[in-house]
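Asks: I am attaching a structure below and will ask some questions about it afterwards.
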Amino acid sequence: MRAVKSKHTSPELTVRGLLRKKKIKFKTYANLPGLPDIILSDKKTVIRVMGCFWHGHACKRGSRMPKTNVRYWSAKIARNKTRDKGNRAALKKLGWRVVDVWECRLKKADWAVKIVKKLNG
Ligand SMILES: [Zn+2]
C-alpha cells in the first residue's frame, strides 16, 4: 500500500497533528487579528499556516505565477502580504508571538523538530 502523500493533507491539519502528538495544547479559534489558524494560549503564541502561493512566499512555489490574469493574481497576493504584515504587527502589539509556518517547509524532513523547538524556545 502506498503512503498517503503529504500534498493530500492540508498543511494546517499536518501541524495540528504534530501538536496533538507532542501534547501541546491549542485552540483553533480565537478572536484575534487575522484569525490565526492555531492558538497556543498557554504560550501566548499563534501559528499561521501559510500557503506559499496565496501569501507570496519567497520560494519556488510562491513565486510561480499563473499564466493568465497575472495582474489580478499579483495584486491579490500583494494584498494578502500587506494584510499578513498588518495582522502580525497587531498580534505583536497585543503581546502575542507569531510563528509562521510555510507550506513548503512541511516538506522538509526536520520541519516538526524545528517547530517544536521554536514553540518551546
Ligand atoms: Zn514556500
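Residue numbering restarts at 1 in every chain; chains get A, B, ... in the order shown in the C-alpha cells, and ligands count up from 1 in that same order.
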Could you list, as an mmCIF file with N, CA, C and O atoms, in the first residue's frame, all the residues within 9 Å of ligand 1, counting only C-alpha atoms and all ligand atoms?
Replies:
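Saved to pocket.cif:
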data_model
loop_
_atom_site.group_PDB
_atom_site.id
_atom_site.type_symbol
_atom_site.label_atom_id
_atom_site.label_comp_id
_atom_site.auth_asym_id
_atom_site.auth_seq_id
_atom_site.Cartn_x
_atom_site.Cartn_y
_atom_site.Cartn_z
ATOM 1 N N MET A 50 0.794 29.075 6.356
ATOM 2 C CA MET A 50 0.708 29.909 5.172
ATOM 3 C C MET A 50 0.921 29.122 3.879
ATOM 4 O O MET A 50 1.953 28.474 3.708
ATOM 5 N N GLY A 51 -0.050 29.227 2.999
ATOM 6 C CA GLY A 51 0.111 28.662 1.664
ATOM 7 C C GLY A 51 1.086 29.546 0.894
ATOM 8 O O GLY A 51 0.932 30.759 0.874
ATOM 9 N N CYS A 52 2.095 28.926 0.287
ATOM 10 C CA CYS A 52 3.166 29.704 -0.354
ATOM 11 C C CYS A 52 2.658 30.591 -1.479
ATOM 12 O O CYS A 52 3.080 31.732 -1.621
ATOM 13 N N PHE A 53 1.740 30.072 -2.254
ATOM 14 C CA PHE A 53 1.228 30.868 -3.364
ATOM 15 C C PHE A 53 0.395 32.046 -2.871
ATOM 16 O O PHE A 53 0.655 33.198 -3.204
ATOM 17 N N HIS A 55 0.198 33.525 -0.060
ATOM 18 C CA HIS A 55 0.808 34.517 0.818
ATOM 19 C C HIS A 55 2.150 35.029 0.296
ATOM 20 O O HIS A 55 2.887 35.680 1.011
ATOM 21 N N GLY A 56 2.437 34.676 -0.953
ATOM 22 C CA GLY A 56 3.606 35.235 -1.622
ATOM 23 C C GLY A 56 4.940 34.917 -0.977
ATOM 24 O O GLY A 56 5.776 35.786 -0.779
ATOM 25 N N HIS A 57 5.129 33.636 -0.640
ATOM 26 C CA HIS A 57 6.406 33.229 -0.057
ATOM 27 C C HIS A 57 7.531 33.363 -1.083
ATOM 28 O O HIS A 57 7.310 33.163 -2.275
ATOM 29 N N ALA A 58 8.730 33.685 -0.586
ATOM 30 C CA ALA A 58 9.882 33.805 -1.483
ATOM 31 C C ALA A 58 10.499 32.438 -1.761
ATOM 32 O O ALA A 58 11.689 32.218 -1.564
ATOM 33 N N CYS A 59 9.683 31.497 -2.198
ATOM 34 C CA CYS A 59 10.198 30.171 -2.554
ATOM 35 C C CYS A 59 9.714 29.866 -3.965
ATOM 36 O O CYS A 59 9.034 30.671 -4.579
ATOM 37 N N LYS A 60 10.073 28.678 -4.448
ATOM 38 C CA LYS A 60 9.722 28.308 -5.817
ATOM 39 C C LYS A 60 8.214 28.368 -6.068
ATOM 40 O O LYS A 60 7.747 28.990 -7.012
ATOM 41 N N ARG A 61 7.498 27.733 -5.168
ATOM 42 C CA ARG A 61 6.045 27.668 -5.327
ATOM 43 C C ARG A 61 5.428 29.067 -5.207
ATOM 44 O O ARG A 61 4.514 29.418 -5.936
ATOM 45 N N GLY A 62 5.968 29.830 -4.277
ATOM 46 C CA GLY A 62 5.413 31.146 -4.003
ATOM 47 C C GLY A 62 5.649 32.140 -5.121
ATOM 48 O O GLY A 62 4.891 33.093 -5.289
ATOM 49 N N SER A 63 6.707 31.937 -5.880
ATOM 50 C CA SER A 63 6.980 32.921 -6.919
ATOM 51 C C SER A 63 6.471 32.479 -8.293
ATOM 52 O O SER A 63 6.637 33.202 -9.270
ATOM 53 N N TRP A 102 5.357 27.961 6.803
ATOM 54 C CA TRP A 102 5.114 27.939 5.358
ATOM 55 C C TRP A 102 4.900 26.511 4.885
ATOM 56 O O TRP A 102 5.594 25.590 5.323
ATOM 57 N N GLU A 103 3.968 26.398 3.981
ATOM 58 C CA GLU A 103 3.594 25.120 3.395
ATOM 59 C C GLU A 103 4.819 24.336 2.898
ATOM 60 O O GLU A 103 4.933 23.142 3.126
ATOM 61 N N CYS A 104 5.744 25.024 2.243
ATOM 62 C CA CYS A 104 6.884 24.332 1.649
ATOM 63 C C CYS A 104 7.812 23.750 2.718
ATOM 64 O O CYS A 104 8.483 22.755 2.486
ATOM 65 N N ARG A 105 7.838 24.358 3.894
ATOM 66 C CA ARG A 105 8.703 23.870 4.969
ATOM 67 C C ARG A 105 8.258 22.497 5.466
ATOM 68 O O ARG A 105 9.052 21.722 5.978
#
Asks: May I have the residues within 7 Å of range 26-37 of chain A as a list in words, using only C-alpha atoms and disregarding those fewer than 2 positions away in the same chain?
Replies: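 Returned residues: Ile24, Ile39, Leu40, Ser41, Val46, Ile47, Arg48, Val49, Asn87, Ala90 and Leu91 of chain A.
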Asks: So which bits of chain A end up strand (DSSP E or B) when you DSSP the backbone, as a list in words?
Replies: Lys27, Ile38, Ile39, Leu40, Thr45, Val46, Ile47, Arg48, Val49, Met50, Arg97, Val98, Val99, Asp100, Val101 and Trp102 of chain A
Asks: May I have the residues from that selection written out with all heavy atoms, as a short mmCIF file (atom, residue, chain, number, x, y, z; two decimals), in the first residue's frame?
Replies:
data_model
loop_
_atom_site.label_atom_id
_atom_site.label_comp_id
_atom_site.auth_asym_id
_atom_site.auth_seq_id
_atom_site.Cartn_x
_atom_site.Cartn_y
_atom_site.Cartn_z
N LYS A 27 -5.87 25.91 20.51
CA LYS A 27 -7.25 26.15 20.10
C LYS A 27 -7.21 26.45 18.60
O LYS A 27 -6.18 26.84 18.07
CB LYS A 27 -7.83 27.38 20.79
CG LYS A 27 -7.98 27.26 22.28
CD LYS A 27 -8.85 28.39 22.81
CE LYS A 27 -8.14 29.74 22.74
NZ LYS A 27 -8.88 30.82 23.43
N ILE A 38 -4.01 28.50 14.43
CA ILE A 38 -3.76 27.72 15.64
C ILE A 38 -3.33 28.66 16.75
O ILE A 38 -2.44 29.49 16.55
CB ILE A 38 -2.67 26.65 15.37
CG1 ILE A 38 -3.15 25.69 14.26
CG2 ILE A 38 -2.33 25.88 16.64
CD1 ILE A 38 -2.09 24.77 13.72
N ILE A 39 -3.97 28.53 17.90
CA ILE A 39 -3.69 29.44 19.00
C ILE A 39 -3.22 28.65 20.21
O ILE A 39 -3.90 27.74 20.68
CB ILE A 39 -4.95 30.26 19.38
CG1 ILE A 39 -5.45 31.03 18.15
CG2 ILE A 39 -4.68 31.24 20.51
CD1 ILE A 39 -6.60 30.36 17.43
N LEU A 40 -2.04 29.00 20.71
CA LEU A 40 -1.50 28.34 21.89
C LEU A 40 -1.55 29.35 23.04
O LEU A 40 -0.60 30.09 23.27
CB LEU A 40 -0.06 27.90 21.64
CG LEU A 40 0.17 26.73 20.68
CD1 LEU A 40 0.01 27.15 19.25
CD2 LEU A 40 1.52 26.12 20.87
N THR A 45 1.13 32.30 21.98
CA THR A 45 1.70 32.19 20.64
C THR A 45 0.61 31.79 19.65
O THR A 45 -0.27 31.00 19.99
CB THR A 45 2.80 31.09 20.65
OG1 THR A 45 3.83 31.47 21.55
CG2 THR A 45 3.40 30.86 19.26
N VAL A 46 0.68 32.35 18.46
CA VAL A 46 -0.22 31.87 17.41
C VAL A 46 0.63 31.29 16.28
O VAL A 46 1.75 31.73 16.05
CB VAL A 46 -1.13 32.98 16.84
CG1 VAL A 46 -2.00 33.58 17.92
CG2 VAL A 46 -0.34 34.06 16.14
N ILE A 47 0.05 30.31 15.63
CA ILE A 47 0.72 29.73 14.46
C ILE A 47 -0.14 30.05 13.24
O ILE A 47 -1.35 29.82 13.24
CB ILE A 47 0.88 28.20 14.60
CG1 ILE A 47 1.73 27.86 15.82
CG2 ILE A 47 1.52 27.61 13.33
CD1 ILE A 47 1.89 26.36 16.06
N ARG A 48 0.51 30.61 12.24
CA ARG A 48 -0.20 30.86 11.00
C ARG A 48 0.37 29.91 9.96
O ARG A 48 1.56 29.94 9.67
CB ARG A 48 0.01 32.31 10.55
CG ARG A 48 -0.40 33.32 11.61
CD ARG A 48 -0.50 34.71 11.08
NE ARG A 48 0.77 35.23 10.57
CZ ARG A 48 0.91 36.46 10.06
NH1 ARG A 48 -0.13 37.25 9.97
NH2 ARG A 48 2.07 36.87 9.63
N VAL A 49 -0.48 29.06 9.46
CA VAL A 49 -0.03 28.13 8.41
C VAL A 49 -0.28 28.82 7.08
O VAL A 49 -1.41 29.14 6.74
CB VAL A 49 -0.78 26.78 8.51
CG1 VAL A 49 -0.24 25.81 7.46
CG2 VAL A 49 -0.63 26.19 9.91
N MET A 50 0.79 29.08 6.36
CA MET A 50 0.71 29.91 5.17
C MET A 50 0.92 29.12 3.88
O MET A 50 1.95 28.47 3.71
CB MET A 50 1.78 31.00 5.23
CG MET A 50 1.88 31.70 6.58
SD MET A 50 0.72 33.06 6.68
CE MET A 50 1.84 34.40 6.41
N ARG A 97 3.11 36.12 20.29
CA ARG A 97 4.23 35.74 19.44
C ARG A 97 3.64 35.09 18.20
O ARG A 97 2.68 34.31 18.31
CB ARG A 97 5.12 34.74 20.19
CG ARG A 97 6.45 34.48 19.53
CD ARG A 97 7.41 33.86 20.55
NE ARG A 97 6.90 32.59 21.03
CZ ARG A 97 7.52 31.43 20.82
NH1 ARG A 97 8.66 31.38 20.18
NH2 ARG A 97 7.02 30.30 21.30
N VAL A 98 4.17 35.42 17.05
CA VAL A 98 3.61 34.90 15.80
C VAL A 98 4.62 33.96 15.13
O VAL A 98 5.74 34.36 14.84
CB VAL A 98 3.27 36.04 14.82
CG1 VAL A 98 2.64 35.50 13.55
CG2 VAL A 98 2.34 37.06 15.48
N VAL A 99 4.20 32.73 14.94
CA VAL A 99 5.05 31.76 14.25
C VAL A 99 4.39 31.43 12.91
O VAL A 99 3.30 30.87 12.88
CB VAL A 99 5.25 30.47 15.09
CG1 VAL A 99 6.04 29.42 14.31
CG2 VAL A 99 5.95 30.79 16.41
N ASP A 100 5.04 31.82 11.84
CA ASP A 100 4.51 31.49 10.52
C ASP A 100 5.11 30.18 10.04
O ASP A 100 6.32 30.01 10.07
CB ASP A 100 4.87 32.60 9.51
CG ASP A 100 4.07 33.88 9.75
OD1 ASP A 100 3.00 33.80 10.38
OD2 ASP A 100 4.52 34.94 9.30
N VAL A 101 4.24 29.28 9.64
CA VAL A 101 4.71 28.00 9.11
C VAL A 101 4.35 27.97 7.63
O VAL A 101 3.17 27.98 7.27
CB VAL A 101 4.06 26.81 9.84
CG1 VAL A 101 4.48 25.49 9.20
CG2 VAL A 101 4.43 26.82 11.31
N TRP A 102 5.36 27.96 6.80
CA TRP A 102 5.11 27.94 5.36
C TRP A 102 4.90 26.51 4.89
O TRP A 102 5.59 25.59 5.32
CB TRP A 102 6.27 28.59 4.62
CG TRP A 102 6.35 30.06 4.88
CD1 TRP A 102 7.12 30.68 5.82
CD2 TRP A 102 5.59 31.09 4.23
NE1 TRP A 102 6.88 32.04 5.78
CE2 TRP A 102 5.97 32.31 4.82
CE3 TRP A 102 4.64 31.08 3.20
CZ2 TRP A 102 5.41 33.53 4.40
CZ3 TRP A 102 4.10 32.28 2.80
CH2 TRP A 102 4.48 33.49 3.39
#
Asks: Hey, what does DSSP flag as alpha helix (DSSP H) within chain A? Can you give it to me as a ChimeraX atom specification?
Replies: /A:11-21,60-63,70-93,111-120
Asks: In Å, with one decimal, what is the gap from CA of Asp84 in chain A to CA of Pro11 in chain A?
Replies: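 Distance between the two atoms: 17.6 Å.
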